[in-house]
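Scroll down for the structure; my scribbles are underneath it.
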Amino acid sequence: MRTTTRELVEKMKRGERLALAKLMTLVENREAETAEVMSAIHGIGSASIIGITGPPGAGKSTLLDALTEKLRGLGRKVGIVAVDPSSPFSGGAVLGDRIRMQKHFLDEDVFIRSLSARGSVGGLARASRDVARLLEASGKDVVIVETVGVGQSELDIMRLADTVAVVLVPEAGDTVQAMKAGLLEIADIFVVNKADRDGSAKIKTELEQMLHLRPPDGWDIPVLMTVATDAKGIDELVEAFDRHADYLRSSGSGARRGAAGRRSEFLAVLRDEIGRRIEGALTDERLGGLLDRVQKGDVDPYGAALELVGDRALLEHILAQPGEG
Ligand SMILES: Nc1nc2c(ncn2[C@@H]2O[C@H](COP(=O)(O)OP(=O)(O)OP(=O)(O)O)[C@@H](O)[C@H]2O)c(=O)[nH]1
Ligand SMILES: [Mg+2]
């Protein structure tokens, strides 16, 4: 690891916000040093990672704001990751969040980071998880990850969370849409926001009926009602998060999730690192020569790939690449 990066990690651990922000940028861009940084911060800190997702405009950001206020009142340090998988830019929604969260800007113990889909979706899910880890290592007690929308990418991102809250609103068809999108599978807590509007009792009943059909697994998914704009129902929400954290600890379910997460993380990093080394060797004579023959059509891509994995010397040579890229 470069000295500057090591220094950044040390500074971040001491609570320096600028160092934290720089490390986040490095990790978001998936720089070659990401693996070393993540390895260096392993096991540092202990935060509850909470995911908040749901359809656009459900009030997730407003809820997050009220939640942050409440958590700060309890003396907990809060990290926030606002992820927008649909936009390659730091777009409108995220900008809106920034403005909304302004009252927390002067609070040293709140750190807000926005991430957008610059690279692949898989890359975004990993960047989100790593950014959440950095926040944990910097001493946050709670890290909240908000995603916009209801697609596969949101589901992937939500996998990083210990507890997932799915936010719905009393609008026709919303429940059905959410179910189709697979939100029922990932929800640990349902929040019916905009409970000041008509139809919120109905959607709550609908959800509870649907949840009854699930086989019992030790955690009864609560359906809570909130009015985020008036900070109503926030105490109950925090209480539900704490109960779920207790459940994860006492049931062993948290440990199982952790093991499964570490497994897929390890495999993903391994693929990444090997991929980097291949990229690094592309300009090299031996792999380059094979690539050249593929490009000319002299060998078919499948055959060439199989030839490569059968060539131990070439494989070893590739794996010995520095892996910059
Ligand atoms: N009536 C009512 N309006 C609300 C409530 N919560 C949020 N809103 C309004 O709903 C709109 C959307 O709120 P956001 O917090 O931006 O929703 P979001 O889910 O973060 O939106 P995206 O990030 O764009 O998906 C805003 O105009 C809020 O003021 C609520 O409890 N009741
Ligand atoms: Mg939002």
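Order determines the names: the first chain of the structure tokens is A, the second B, and so forth; residues in each chain are numbered 1 upward, and ligands are numbered 1 upward as they are shown.
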**Message:** Taking only region 24-261 of chain A into account, list the residues labelled strand (DSSP E) by DSSP (computed from the backbone), as a PyMOL selection string.
**Reply:** chain A and resi 48-53+78-84+110-116+142-147+163-168+189-192+223-225
**Request:** For Lys11 (chain A), please output as a ChimeraX atom specification all residues within 12 Å (counting only C-alpha atoms; exclusion window: fewer than 2 positions along the same chain).
**Result:** /A:4-9,13-23,41,137-138
Show me which residues line ligand 1, defined as having an atom within 7 Å of a ligand atom where only C-alpha atoms and all ligand atoms count, and present them as a JSON list (two decimals) with all heavy atoms, in the first residue's frame.
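What landed in result39.json:
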[["chain", "number", "residue", "atom", "x", "y", "z"],
["A", 54, "GLY", "N", -37.39, 1.26, -1.55],
["A", 54, "GLY", "CA", -38.80, 1.40, -1.85],
["A", 54, "GLY", "C", -38.98, 2.22, -3.11],
["A", 54, "GLY", "O", -38.00, 2.78, -3.62],
["A", 55, "PRO", "N", -40.20, 2.31, -3.60],
["A", 55, "PRO", "CA", -40.43, 3.00, -4.86],
["A", 55, "PRO", "C", -40.07, 4.48, -4.80],
["A", 55, "PRO", "O", -40.02, 5.07, -3.71],
["A", 55, "PRO", "CB", -41.94, 2.84, -5.09],
["A", 55, "PRO", "CG", -42.49, 2.10, -3.95],
["A", 55, "PRO", "CD", -41.41, 1.74, -3.00],
["A", 56, "PRO", "N", -39.78, 5.08, -5.95],
["A", 56, "PRO", "CA", -39.42, 6.50, -6.00],
["A", 56, "PRO", "C", -40.51, 7.37, -5.36],
["A", 56, "PRO", "O", -41.69, 7.10, -5.52],
["A", 56, "PRO", "CB", -39.35, 6.81, -7.50],
["A", 56, "PRO", "CG", -39.15, 5.50, -8.17],
["A", 56, "PRO", "CD", -39.78, 4.47, -7.29],
["A", 57, "GLY", "N", -40.08, 8.32, -4.59],
["A", 57, "GLY", "CA", -41.02, 9.27, -4.00],
["A", 57, "GLY", "C", -41.78, 8.78, -2.78],
["A", 57, "GLY", "O", -42.68, 9.45, -2.29],
["A", 58, "ALA", "N", -41.40, 7.61, -2.27],
["A", 58, "ALA", "CA", -42.12, 7.05, -1.12],
["A", 58, "ALA", "C", -41.86, 7.84, 0.17],
["A", 58, "ALA", "O", -42.59, 7.72, 1.15],
["A", 58, "ALA", "CB", -41.74, 5.59, -0.92],
["A", 59, "GLY", "N", -40.81, 8.64, 0.12],
["A", 59, "GLY", "CA", -40.46, 9.44, 1.31],
["A", 59, "GLY", "C", -39.26, 8.88, 2.05],
["A", 59, "GLY", "O", -39.05, 9.19, 3.23],
["A", 60, "LYS", "N", -38.44, 8.11, 1.35],
["A", 60, "LYS", "CA", -37.28, 7.48, 1.98],
["A", 60, "LYS", "C", -36.32, 8.52, 2.55],
["A", 60, "LYS", "O", -35.86, 8.40, 3.67],
["A", 60, "LYS", "CB", -36.54, 6.60, 0.96],
["A", 60, "LYS", "CG", -37.39, 5.49, 0.39],
["A", 60, "LYS", "CD", -36.64, 4.68, -0.65],
["A", 60, "LYS", "CE", -36.32, 5.45, -1.91],
["A", 60, "LYS", "NZ", -37.51, 5.87, -2.68],
["A", 61, "SER", "N", -36.03, 9.53, 1.74],
["A", 61, "SER", "CA", -35.06, 10.54, 2.19],
["A", 61, "SER", "C", -35.60, 11.37, 3.35],
["A", 61, "SER", "O", -34.87, 11.70, 4.28],
["A", 61, "SER", "CB", -34.68, 11.46, 1.03],
["A", 61, "SER", "OG", -34.15, 10.72, -0.03],
["A", 62, "THR", "N", -36.88, 11.68, 3.28],
["A", 62, "THR", "CA", -37.50, 12.43, 4.38],
["A", 62, "THR", "C", -37.45, 11.60, 5.66],
["A", 62, "THR", "O", -37.16, 12.10, 6.74],
["A", 62, "THR", "CB", -38.97, 12.78, 4.03],
["A", 62, "THR", "OG1", -39.03, 13.24, 2.69],
["A", 62, "THR", "CG2", -39.52, 13.85, 4.95],
["A", 63, "LEU", "N", -37.71, 10.32, 5.50],
["A", 63, "LEU", "CA", -37.67, 9.40, 6.63],
["A", 63, "LEU", "C", -36.25, 9.32, 7.21],
["A", 63, "LEU", "O", -36.06, 9.34, 8.42],
["A", 63, "LEU", "CB", -38.11, 8.01, 6.12],
["A", 63, "LEU", "CG", -38.58, 6.99, 7.13],
["A", 63, "LEU", "CD1", -39.86, 7.45, 7.81],
["A", 63, "LEU", "CD2", -38.82, 5.65, 6.44],
["A", 93, "ALA", "N", -32.16, 13.48, -7.61],
["A", 93, "ALA", "CA", -32.62, 12.93, -6.34],
["A", 93, "ALA", "C", -31.57, 13.09, -5.27],
["A", 93, "ALA", "O", -31.84, 13.52, -4.15],
["A", 93, "ALA", "CB", -32.96, 11.45, -6.50],
["A", 148, "VAL", "N", -32.72, 4.29, -4.44],
["A", 148, "VAL", "CA", -33.89, 4.83, -5.13],
["A", 148, "VAL", "C", -34.40, 3.79, -6.13],
["A", 148, "VAL", "O", -33.63, 3.28, -6.92],
["A", 148, "VAL", "CB", -33.50, 6.10, -5.92],
["A", 148, "VAL", "CG1", -34.72, 6.68, -6.62],
["A", 148, "VAL", "CG2", -32.87, 7.11, -5.01],
["A", 149, "GLY", "N", -35.68, 3.51, -6.08],
["A", 149, "GLY", "CA", -36.25, 2.65, -7.11],
["A", 149, "GLY", "C", -36.46, 1.22, -6.68],
["A", 149, "GLY", "O", -36.22, 0.86, -5.53],
["A", 193, "ASN", "N", -45.28, 4.69, 4.81],
["A", 193, "ASN", "CA", -45.09, 6.12, 5.02],
["A", 193, "ASN", "C", -46.27, 6.90, 4.42],
["A", 193, "ASN", "O", -47.09, 6.32, 3.72],
["A", 193, "ASN", "CB", -43.76, 6.58, 4.42],
["A", 193, "ASN", "CG", -43.41, 8.01, 4.78],
["A", 193, "ASN", "OD1", -43.60, 8.43, 5.93],
["A", 193, "ASN", "ND2", -42.94, 8.78, 3.81],
["A", 194, "LYS", "N", -46.32, 8.17, 4.69],
["A", 194, "LYS", "CA", -47.44, 9.03, 4.27],
["A", 194, "LYS", "C", -48.75, 8.50, 4.86],
["A", 194, "LYS", "O", -49.79, 8.43, 4.19],
["A", 194, "LYS", "CB", -47.54, 9.15, 2.74],
["A", 194, "LYS", "CG", -46.22, 9.54, 2.10],
["A", 194, "LYS", "CD", -46.34, 10.08, 0.70],
["A", 194, "LYS", "CE", -44.95, 10.34, 0.11],
["A", 194, "LYS", "NZ", -44.95, 10.87, -1.24],
["A", 195, "ALA", "N", -48.64, 8.09, 6.13],
["A", 195, "ALA", "CA", -49.81, 7.55, 6.83],
["A", 195, "ALA", "C", -50.86, 8.62, 7.08],
["A", 195, "ALA", "O", -51.95, 8.33, 7.56],
["A", 195, "ALA", "CB", -49.37, 6.91, 8.15],
["A", 196, "ASP", "N", -50.53, 9.85, 6.74],
["A", 196, "ASP", "CA", -51.52, 10.93, 6.83],
["A", 196, "ASP", "C", -52.49, 10.87, 5.64],
["A", 196, "ASP", "O", -53.49, 11.57, 5.62],
["A", 196, "ASP", "CB", -50.82, 12.30, 6.87],
["A", 196, "ASP", "CG", -49.80, 12.49, 5.75],
["A", 196, "ASP", "OD1", -49.13, 11.51, 5.36],
["A", 196, "ASP", "OD2", -49.67, 13.63, 5.26],
["A", 197, "ARG", "N", -52.17, 10.03, 4.67],
["A", 197, "ARG", "CA", -53.01, 9.95, 3.48],
["A", 197, "ARG", "C", -54.02, 8.81, 3.58],
["A", 197, "ARG", "O", -53.81, 7.84, 4.31],
["A", 197, "ARG", "CB", -52.15, 9.71, 2.25],
["A", 197, "ARG", "CG", -51.32, 10.89, 1.90],
["A", 197, "ARG", "CD", -50.89, 10.78, 0.48],
["A", 197, "ARG", "NE", -50.04, 11.90, 0.10],
["A", 197, "ARG", "CZ", -49.25, 11.89, -0.95],
["A", 197, "ARG", "NH1", -49.18, 10.81, -1.71],
["A", 197, "ARG", "NH2", -48.53, 12.94, -1.25],
["A", 226, "THR", "N", -45.69, 5.55, 9.36],
["A", 226, "THR", "CA", -44.96, 6.79, 9.65],
["A", 226, "THR", "C", -45.53, 7.96, 8.84],
["A", 226, "THR", "O", -46.13, 7.77, 7.78],
["A", 226, "THR", "CB", -43.45, 6.68, 9.29],
["A", 226, "THR", "OG1", -43.33, 6.35, 7.90],
["A", 226, "THR", "CG2", -42.73, 5.65, 10.13],
["A", 227, "VAL", "N", -45.32, 9.14, 9.40],
["A", 227, "VAL", "CA", -45.51, 10.37, 8.62],
["A", 227, "VAL", "C", -44.16, 11.07, 8.71],
["A", 227, "VAL", "O", -43.87, 11.77, 9.67],
["A", 227, "VAL", "CB", -46.63, 11.26, 9.20],
["A", 227, "VAL", "CG1", -46.83, 12.50, 8.32],
["A", 227, "VAL", "CG2", -47.94, 10.49, 9.32],
["A", 228, "ALA", "N", -43.34, 10.81, 7.71],
["A", 228, "ALA", "CA", -41.94, 11.27, 7.78],
["A", 228, "ALA", "C", -41.85, 12.78, 7.89],
["A", 228, "ALA", "O", -41.00, 13.31, 8.61],
["A", 228, "ALA", "CB", -41.17, 10.77, 6.56],
["A", 229, "THR", "N", -42.74, 13.47, 7.19],
["A", 229, "THR", "CA", -42.71, 14.94, 7.19],
["A", 229, "THR", "C", -42.97, 15.52, 8.58],
["A", 229, "THR", "O", -42.56, 16.64, 8.87],
["A", 229, "THR", "CB", -43.73, 15.50, 6.17],
["A", 229, "THR", "OG1", -44.90, 14.69, 6.21],
["A", 229, "THR", "CG2", -43.16, 15.50, 4.77],
["A", 230, "ASP", "N", -43.67, 14.77, 9.44],
["A", 230, "ASP", "CA", -43.92, 15.24, 10.81],
["A", 230, "ASP", "C", -43.14, 14.44, 11.84],
["A", 230, "ASP", "O", -43.43, 14.52, 13.04],
["A", 230, "ASP", "CB", -45.42, 15.13, 11.15],
["A", 230, "ASP", "CG", -46.28, 16.02, 10.26],
["A", 230, "ASP", "OD1", -45.73, 17.02, 9.75],
["A", 230, "ASP", "OD2", -47.46, 15.71, 10.07]]
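Shortest separation to Thr147 (chain A) among A:Gln177, A:Ser251, A:Ser48, A:Thr53 occurs at residue A:Thr53, atoms counted being only C-alpha atoms.
With only C-alpha atoms taken into account, the protein and nucleic acid residues at most 10 Å from Glu206 (chain A) (excluding it and anything under 5 positions from it in its own chain) are Thr175, Val176, Ser200, Ala201 and Leu211 of chain A.
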**Message:** DSSP on the backbone, helix (DSSP H, G or I) only: what residues of region 11-162 of chain A does that give? Format it as JSON, numbers by chain.
**Reply:** {"A": [11, 12, 13, 17, 18, 19, 20, 21, 22, 23, 24, 25, 26, 27, 28, 34, 35, 36, 37, 38, 39, 40, 60, 61, 62, 63, 64, 65, 66, 67, 68, 69, 70, 71, 72, 73, 92, 93, 94, 95, 96, 97, 98, 99, 100, 101, 102, 103, 104, 121, 122, 123, 124, 125, 126, 127, 128, 129, 130, 131, 132, 133, 134, 135, 136, 137, 152, 153, 154, 155, 156, 157, 158]}
